[in-house]
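Trainee: My questions will all concern the structure given below.
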Amino acid sequence: MTDTLSPAQAPAPATTSVSPTAGQLWTRSRTLLAALLTLIVFGVLYAAARTGENHDALDPRSPDPSGSRAVAQLLHNQGVTTTVVTTTDAAVAAAGPGTTVLVTAPDLLTKRQQDAVHQAMERSSGRFVLLAPGEPSIGRLAPGVHYTGPVPVRVLEPGCGLTAARTADSAETGGGSYATSARDADRCYPGAPGDFTLLRLPAANGGDTVVLGTHTLLQNENLAEQGNASLALQILGAHPKLVWYLPSLSDASAFGGGQESFLDLIPDGWNWAVLQLFIAAALAALWRARRLGPVVAERLPATVRASEATEGRARLYRHGRARGRAAEVLRTAARDRLAPLLGVPPAQAHDPDVLPASVAARLDDPTVDPHSLLHGPPPPDDAALLRLADDLDALERRVLLNERKATP
């Protein structure tokens, strides 16, 4: 104990055994900091790259390449009035005879909004155009129509008898493909055998529903290609009024009636993404666990020499600068050894009023303060701890010597 707790070997910084060093903090946090820095740099570069991009895709008021102002202007020249709405209530209220309602993003609608639009489709004798609906919306908005998967956007031939398709001839369609069992449906622009990228479904009330797999042909930059303009004008210009519905996240009707929970608002694709992340995390855990190697069987209890255990504890106390704990260990051991010599019961060996009094009575030396040695305050420094260890050893030797002299 004397060597391991010498002042010369004690560390200078006032740290504890659980206080990490600067190097340890850097080692633990550098991976997280690198990931955070990478994320920040990627975000800055991505924002810079998109600075000039259009953020009004399919907006009939936008002249940007991905906007739809050109087709709206052509429809206006043909006498079609275009009204832009951003709420489901406004779109449903505007539906009716002589009106075409274009739903630009059906998959963004909640189930409540989809039900409201479908009810309006059943009541209206006008036309509803569903632009690129996917699995989340096609079943509710167009019952009997099935989404069969994505197909590349490319130039396709009509392959049907629909007047609008035959007049437009080849056009850039694709995106989503669909199938239906309705006998009176017009199936145009096949993307794959049995699947079509444009469907027209007549309704019993005289209206109809058009399912179009892509929005490409409505954008300004693509309108002049192939028969895109002709097909767009004939689909959207079937009636004198056109309601251009741009779904908005601020639409209060999406959450009306308390029918939508948080999970209902999460797209189905996110559920699969979370499942894949969970599987990846499990595989990563198994991979990292194998790096620890196989379990090694060891016969217990393991034998450790007393000197090694003592030295190990001393080093821990020194590293943690736990002088108070080390002093208490020394005092406890001294009390345990002194009590049998003085006839003090083990239950009273650590009583501050019993053992020190017995020691003082046996030594009868006013220069020795047994209470301070056996129950005093923690030493303020390593030198005081060393003095305490020496004084406790001297106290035990004197008590033992007196007991031997007293024994006949």
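Lettering and numbering for the structure tokens are positional, with chains as A, B, ... in the shown order, residues counted from 1 in each chain, and ligands counted from 1 in the shown order.
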Applying 12 Å and only C-alpha atoms, which residues near segment 397-404 of chain A remain after dropping the ones on its own chain fewer than 6 positions away? List them as a list in words.
Mentor: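 Here the answer would be Ala334, Arg335, Arg337, Leu338, Ala339, Pro340, Leu341, Leu342, Gly343, Pro356, Ser358, Val359, Ala360, Ala361, Arg362, Leu363, Asp364, Asp365, Val368, Pro370, Asp390 and Asp391 of chain A.
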Trainee: Based on the selection just made, write N, CA and C atoms of those residues as a PDB file, in the first residue's frame.
Mentor:
```
ATOM      1  N   ALA A 334      -7.994  -2.493  10.781  1.00  0.00           N
ATOM      2  CA  ALA A 334      -7.339  -2.341  12.089  1.00  0.00           C
ATOM      3  C   ALA A 334      -8.320  -2.625  13.224  1.00  0.00           C
ATOM      4  N   ARG A 335      -9.564  -2.143  13.100  1.00  0.00           N
ATOM      5  CA  ARG A 335     -10.561  -2.405  14.140  1.00  0.00           C
ATOM      6  C   ARG A 335     -10.868  -3.902  14.248  1.00  0.00           C
ATOM      7  N   ARG A 337      -8.863  -6.330  13.690  1.00  0.00           N
ATOM      8  CA  ARG A 337      -7.747  -7.033  14.326  1.00  0.00           C
ATOM      9  C   ARG A 337      -7.600  -6.666  15.798  1.00  0.00           C
ATOM     10  N   LEU A 338      -7.946  -5.418  16.150  1.00  0.00           N
ATOM     11  CA  LEU A 338      -7.782  -4.985  17.533  1.00  0.00           C
ATOM     12  C   LEU A 338      -8.867  -5.529  18.464  1.00  0.00           C
ATOM     13  N   ALA A 339     -10.079  -5.666  17.933  1.00  0.00           N
ATOM     14  CA  ALA A 339     -11.201  -6.064  18.792  1.00  0.00           C
ATOM     15  C   ALA A 339     -10.953  -7.394  19.493  1.00  0.00           C
ATOM     16  N   PRO A 340     -10.496  -8.457  18.799  1.00  0.00           N
ATOM     17  CA  PRO A 340     -10.255  -9.717  19.522  1.00  0.00           C
ATOM     18  C   PRO A 340      -9.151  -9.601  20.577  1.00  0.00           C
ATOM     19  N   LEU A 341      -8.151  -8.740  20.329  1.00  0.00           N
ATOM     20  CA  LEU A 341      -7.062  -8.587  21.290  1.00  0.00           C
ATOM     21  C   LEU A 341      -7.540  -7.952  22.589  1.00  0.00           C
ATOM     22  N   LEU A 342      -8.531  -7.088  22.490  1.00  0.00           N
ATOM     23  CA  LEU A 342      -9.004  -6.358  23.659  1.00  0.00           C
ATOM     24  C   LEU A 342     -10.266  -6.962  24.244  1.00  0.00           C
ATOM     25  N   GLY A 343     -10.749  -8.063  23.667  1.00  0.00           N
ATOM     26  CA  GLY A 343     -11.947  -8.701  24.183  1.00  0.00           C
ATOM     27  C   GLY A 343     -13.231  -7.976  23.838  1.00  0.00           C
ATOM     28  N   PRO A 356     -12.328   2.451  20.766  1.00  0.00           N
ATOM     29  CA  PRO A 356     -11.322   3.465  21.123  1.00  0.00           C
ATOM     30  C   PRO A 356     -11.136   3.607  22.630  1.00  0.00           C
ATOM     31  N   SER A 358     -11.503   1.230  24.877  1.00  0.00           N
ATOM     32  CA  SER A 358     -10.732   0.066  25.334  1.00  0.00           C
ATOM     33  C   SER A 358      -9.263   0.215  25.004  1.00  0.00           C
ATOM     34  N   VAL A 359      -8.964   0.735  23.798  1.00  0.00           N
ATOM     35  CA  VAL A 359      -7.565   0.941  23.416  1.00  0.00           C
ATOM     36  C   VAL A 359      -6.910   1.966  24.330  1.00  0.00           C
ATOM     37  N   ALA A 360      -7.607   3.091  24.603  1.00  0.00           N
ATOM     38  CA  ALA A 360      -7.043   4.135  25.456  1.00  0.00           C
ATOM     39  C   ALA A 360      -6.808   3.616  26.869  1.00  0.00           C
ATOM     40  N   ALA A 361      -7.736   2.798  27.379  1.00  0.00           N
ATOM     41  CA  ALA A 361      -7.572   2.260  28.733  1.00  0.00           C
ATOM     42  C   ALA A 361      -6.406   1.296  28.798  1.00  0.00           C
ATOM     43  N   ARG A 362      -6.175   0.533  27.755  1.00  0.00           N
ATOM     44  CA  ARG A 362      -5.117  -0.457  27.779  1.00  0.00           C
ATOM     45  C   ARG A 362      -3.739   0.205  27.617  1.00  0.00           C
ATOM     46  N   LEU A 363      -3.661   1.263  26.750  1.00  0.00           N
ATOM     47  CA  LEU A 363      -2.362   1.905  26.526  1.00  0.00           C
ATOM     48  C   LEU A 363      -2.026   2.894  27.628  1.00  0.00           C
ATOM     49  N   ASP A 364      -3.032   3.605  28.082  1.00  0.00           N
ATOM     50  CA  ASP A 364      -2.854   4.621  29.121  1.00  0.00           C
ATOM     51  C   ASP A 364      -1.751   5.599  28.727  1.00  0.00           C
ATOM     52  N   ASP A 365      -1.870   6.098  27.489  1.00  0.00           N
ATOM     53  CA  ASP A 365      -0.873   7.035  26.945  1.00  0.00           C
ATOM     54  C   ASP A 365      -1.626   8.250  26.404  1.00  0.00           C
ATOM     55  N   VAL A 368      -1.536   9.387  22.613  1.00  0.00           N
ATOM     56  CA  VAL A 368      -2.174   8.609  21.547  1.00  0.00           C
ATOM     57  C   VAL A 368      -3.679   8.851  21.601  1.00  0.00           C
ATOM     58  N   PRO A 370      -6.744   7.195  20.183  1.00  0.00           N
ATOM     59  CA  PRO A 370      -7.289   6.065  19.429  1.00  0.00           C
ATOM     60  C   PRO A 370      -8.533   6.421  18.611  1.00  0.00           C
ATOM     61  N   ASP A 390       0.875   4.204   8.834  1.00  0.00           N
ATOM     62  CA  ASP A 390       1.969   3.940   9.765  1.00  0.00           C
ATOM     63  C   ASP A 390       1.484   3.989  11.214  1.00  0.00           C
ATOM     64  N   ASP A 391       0.625   4.983  11.515  1.00  0.00           N
ATOM     65  CA  ASP A 391       0.138   5.125  12.895  1.00  0.00           C
ATOM     66  C   ASP A 391      -0.744   3.939  13.287  1.00  0.00           C
TER      67      ASP A 391
END
```
Trainee: Give me the residues of segment 12-125 of chain A that have any atom at most 10 Å from an atom of segment 221-244 of chain A; for each, the nearest atom pair and the distance in Å, rounded to one decimal. Use only C-alpha atoms, sort by chain and number, and format it as a tab-separated table.
Mentor:
```
residue	atom	partner	partner_atom	distance
A:Leu58	CA	A:Trp244	CA	9.4
A:Asp59	CA	A:Trp244	CA	8.5
A:Pro60	CA	A:Trp244	CA	7.8
A:Pro63	CA	A:Glu221	CA	9.6
A:Asp64	CA	A:Glu221	CA	8.2
A:Pro65	CA	A:Glu221	CA	4.8
A:Ser66	CA	A:Glu221	CA	6.5
A:Gly67	CA	A:Glu221	CA	8.2
A:Ser68	CA	A:Leu223	CA	8.8
A:Ala70	CA	A:Leu223	CA	7.6
A:Val71	CA	A:Leu233	CA	7.2
A:Ala72	CA	A:Leu233	CA	8.9
A:Leu74	CA	A:Leu233	CA	7.6
A:Leu75	CA	A:Gly237	CA	6.4
A:His76	CA	A:Gly237	CA	9.3
A:Gln78	CA	A:Gly237	CA	8.0
A:Gly79	CA	A:Pro240	CA	6.6
A:Val80	CA	A:Pro240	CA	4.6
A:Thr81	CA	A:Lys241	CA	5.0
A:Thr82	CA	A:Leu242	CA	4.7
A:Thr83	CA	A:Val243	CA	4.9
A:Val84	CA	A:Trp244	CA	4.7
A:Val85	CA	A:Trp244	CA	6.1
A:Thr86	CA	A:Trp244	CA	8.4
A:Ala90	CA	A:Val243	CA	9.2
A:Ala91	CA	A:Val243	CA	6.9
A:Val92	CA	A:Val243	CA	9.7
A:Ala94	CA	A:Val243	CA	7.1
A:Ala95	CA	A:Val243	CA	7.8
A:Gly96	CA	A:Lys241	CA	9.7
A:Pro97	CA	A:His239	CA	8.5
A:Gly98	CA	A:His239	CA	5.0
A:Thr99	CA	A:Lys241	CA	4.7
A:Thr100	CA	A:Leu242	CA	4.8
A:Val101	CA	A:Val243	CA	4.7
A:Leu102	CA	A:Trp244	CA	5.1
A:Val103	CA	A:Trp244	CA	6.8
A:Thr104	CA	A:Trp244	CA	7.6
```
Trainee: From the options A:Gln24, A:Pro247, A:Ala168, A:Ile279, which residue's atoms come nearest to Thr87 of chain A, counting only C-alpha atoms?
Mentor: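 Among the listed residues, A:Pro247 lies closest to Thr87 of chain A.
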Trainee: Considering only strand (DSSP E) as DSSP defines it on the backbone, what residues of segment 120-260 of chain A qualify? List them as a PyMOL selection string.
Mentor: chain A and resi 127-131+145-156+171-180+186-192+195-202+208-212+241-245
Trainee: Please write the residues from the selection above to a file, keeping N, CA and C atoms, as a compact mmCIF listing (two decimals), in the first residue's frame.
Mentor:
```txt
# COMPACT_ATOMS: atom_id res chain seq x y z
N ARG A 127 -66.46 15.05 -65.15
CA ARG A 127 -65.29 14.18 -65.30
C ARG A 127 -64.32 14.40 -64.16
N PHE A 128 -63.73 13.30 -63.68
CA PHE A 128 -62.65 13.34 -62.70
C PHE A 128 -61.41 12.73 -63.35
N VAL A 129 -60.30 13.44 -63.25
CA VAL A 129 -59.03 12.96 -63.79
C VAL A 129 -58.10 12.70 -62.60
N LEU A 130 -57.68 11.45 -62.45
CA LEU A 130 -56.76 11.07 -61.39
C LEU A 130 -55.36 10.95 -61.98
N LEU A 131 -54.47 11.78 -61.50
CA LEU A 131 -53.13 11.86 -62.08
C LEU A 131 -52.16 11.00 -61.27
N VAL A 145 -60.33 -0.84 -60.20
CA VAL A 145 -59.08 -0.59 -60.91
C VAL A 145 -57.93 -1.00 -60.00
N HIS A 146 -56.95 -1.69 -60.55
CA HIS A 146 -55.83 -2.17 -59.77
C HIS A 146 -54.53 -1.56 -60.29
N TYR A 147 -53.71 -1.13 -59.36
CA TYR A 147 -52.39 -0.61 -59.71
C TYR A 147 -51.45 -1.80 -59.89
N THR A 148 -50.88 -1.95 -61.06
CA THR A 148 -50.06 -3.12 -61.37
C THR A 148 -48.56 -2.84 -61.29
N GLY A 149 -48.18 -1.61 -61.04
CA GLY A 149 -46.77 -1.32 -60.86
C GLY A 149 -46.27 -0.18 -61.74
N PRO A 150 -45.06 0.29 -61.49
CA PRO A 150 -44.49 1.38 -62.28
C PRO A 150 -43.94 0.90 -63.62
N VAL A 151 -44.01 1.76 -64.61
CA VAL A 151 -43.42 1.49 -65.92
C VAL A 151 -42.68 2.76 -66.35
N PRO A 152 -41.67 2.64 -67.19
CA PRO A 152 -40.93 3.83 -67.63
C PRO A 152 -41.82 4.77 -68.44
N VAL A 153 -41.57 6.06 -68.29
CA VAL A 153 -42.26 7.05 -69.11
C VAL A 153 -41.58 7.09 -70.47
N ARG A 154 -42.33 6.76 -71.49
CA ARG A 154 -41.77 6.74 -72.83
C ARG A 154 -42.90 6.96 -73.83
N VAL A 155 -42.53 7.04 -75.08
CA VAL A 155 -43.52 7.25 -76.13
C VAL A 155 -44.27 5.94 -76.38
N LEU A 156 -45.59 5.98 -76.22
CA LEU A 156 -46.43 4.80 -76.40
C LEU A 156 -47.51 5.09 -77.42
N ALA A 171 -47.90 9.39 -77.58
CA ALA A 171 -47.69 10.41 -76.54
C ALA A 171 -46.77 9.83 -75.48
N GLU A 172 -46.17 10.72 -74.70
CA GLU A 172 -45.28 10.30 -73.62
C GLU A 172 -46.12 9.94 -72.39
N THR A 173 -46.34 8.69 -72.23
CA THR A 173 -47.12 8.21 -71.08
C THR A 173 -46.32 7.12 -70.37
N GLY A 174 -46.90 6.58 -69.36
CA GLY A 174 -46.21 5.58 -68.55
C GLY A 174 -46.37 5.94 -67.09
N GLY A 175 -45.31 5.81 -66.32
CA GLY A 175 -45.38 6.12 -64.90
C GLY A 175 -46.00 4.97 -64.12
N GLY A 176 -47.33 4.93 -64.08
CA GLY A 176 -48.05 3.85 -63.43
C GLY A 176 -48.89 3.10 -64.44
N SER A 177 -49.03 1.80 -64.23
CA SER A 177 -49.87 0.99 -65.11
C SER A 177 -51.02 0.40 -64.29
N TYR A 178 -52.15 0.16 -64.97
CA TYR A 178 -53.37 -0.23 -64.28
C TYR A 178 -54.09 -1.32 -65.06
N ALA A 179 -54.95 -2.02 -64.35
CA ALA A 179 -55.79 -3.04 -64.97
C ALA A 179 -57.18 -2.95 -64.35
N THR A 180 -58.19 -3.27 -65.15
CA THR A 180 -59.57 -3.23 -64.67
C THR A 180 -60.37 -4.32 -65.37
N ASP A 186 -62.31 2.11 -71.39
CA ASP A 186 -61.37 2.33 -72.50
C ASP A 186 -59.95 2.14 -71.95
N ARG A 187 -59.22 1.24 -72.57
CA ARG A 187 -57.86 0.92 -72.12
C ARG A 187 -56.88 1.37 -73.18
N CYS A 188 -56.04 2.34 -72.82
CA CYS A 188 -55.16 2.95 -73.82
C CYS A 188 -53.72 2.98 -73.35
N TYR A 189 -52.84 3.11 -74.32
CA TYR A 189 -51.41 3.23 -74.11
C TYR A 189 -50.90 2.10 -73.21
N PRO A 190 -50.86 0.89 -73.74
CA PRO A 190 -50.40 -0.25 -72.93
C PRO A 190 -48.92 -0.13 -72.58
N GLY A 191 -48.62 -0.28 -71.28
CA GLY A 191 -47.23 -0.25 -70.83
C GLY A 191 -46.65 -1.64 -70.73
N ALA A 192 -47.51 -2.64 -70.59
CA ALA A 192 -47.10 -4.04 -70.52
C ALA A 192 -48.32 -4.85 -70.94
N ASP A 195 -51.69 -4.47 -69.10
CA ASP A 195 -51.65 -3.29 -68.25
C ASP A 195 -51.65 -2.05 -69.12
N PHE A 196 -52.31 -0.99 -68.64
CA PHE A 196 -52.47 0.21 -69.45
C PHE A 196 -52.16 1.43 -68.60
N THR A 197 -51.66 2.48 -69.27
CA THR A 197 -51.29 3.70 -68.56
C THR A 197 -52.35 4.77 -68.64
N LEU A 198 -53.44 4.50 -69.36
CA LEU A 198 -54.57 5.43 -69.40
C LEU A 198 -55.86 4.61 -69.44
N LEU A 199 -56.74 4.88 -68.50
CA LEU A 199 -58.03 4.22 -68.45
C LEU A 199 -59.13 5.28 -68.40
N ARG A 200 -60.21 5.02 -69.13
CA ARG A 200 -61.42 5.86 -69.00
C ARG A 200 -62.56 4.96 -68.57
N LEU A 201 -63.17 5.33 -67.42
CA LEU A 201 -64.23 4.52 -66.83
C LEU A 201 -65.54 5.30 -66.87
N PRO A 202 -66.47 4.96 -67.75
CA PRO A 202 -67.76 5.66 -67.79
C PRO A 202 -68.55 5.38 -66.52
N ASP A 208 -67.60 10.46 -66.15
CA ASP A 208 -66.57 9.44 -66.33
C ASP A 208 -65.37 9.79 -65.47
N THR A 209 -64.49 8.80 -65.33
CA THR A 209 -63.25 8.96 -64.58
C THR A 209 -62.09 8.55 -65.48
N VAL A 210 -61.08 9.38 -65.54
CA VAL A 210 -59.90 9.11 -66.34
C VAL A 210 -58.72 8.89 -65.39
N VAL A 211 -58.06 7.76 -65.53
CA VAL A 211 -56.87 7.44 -64.74
C VAL A 211 -55.66 7.56 -65.66
N LEU A 212 -54.76 8.50 -65.35
CA LEU A 212 -53.58 8.75 -66.18
C LEU A 212 -52.35 8.44 -65.35
N LYS A 241 -65.52 23.96 -67.71
CA LYS A 241 -64.91 24.34 -66.43
C LYS A 241 -63.91 23.26 -66.02
N LEU A 242 -62.76 23.72 -65.57
CA LEU A 242 -61.72 22.81 -65.09
C LEU A 242 -61.33 23.23 -63.67
N VAL A 243 -61.46 22.31 -62.73
CA VAL A 243 -61.03 22.54 -61.34
C VAL A 243 -59.69 21.83 -61.16
N TRP A 244 -58.66 22.60 -60.95
CA TRP A 244 -57.30 22.06 -60.82
C TRP A 244 -57.00 21.92 -59.33
N TYR A 245 -57.06 20.71 -58.82
CA TYR A 245 -56.93 20.46 -57.39
C TYR A 245 -55.49 20.10 -57.06
```
Trainee: So the first atom is atom CA of Phe42 of chain A and the second is atom CA of Ser29 of chain A; what is the distance between them in Å, to one decimal place?
Mentor: 19.9 Å
Trainee: How far is it from atom CA of Ala142 of chain A to atom CA of Pro106 of chain A, in Å with one decimal?
Mentor: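 A separation of 10.9 Å between them.
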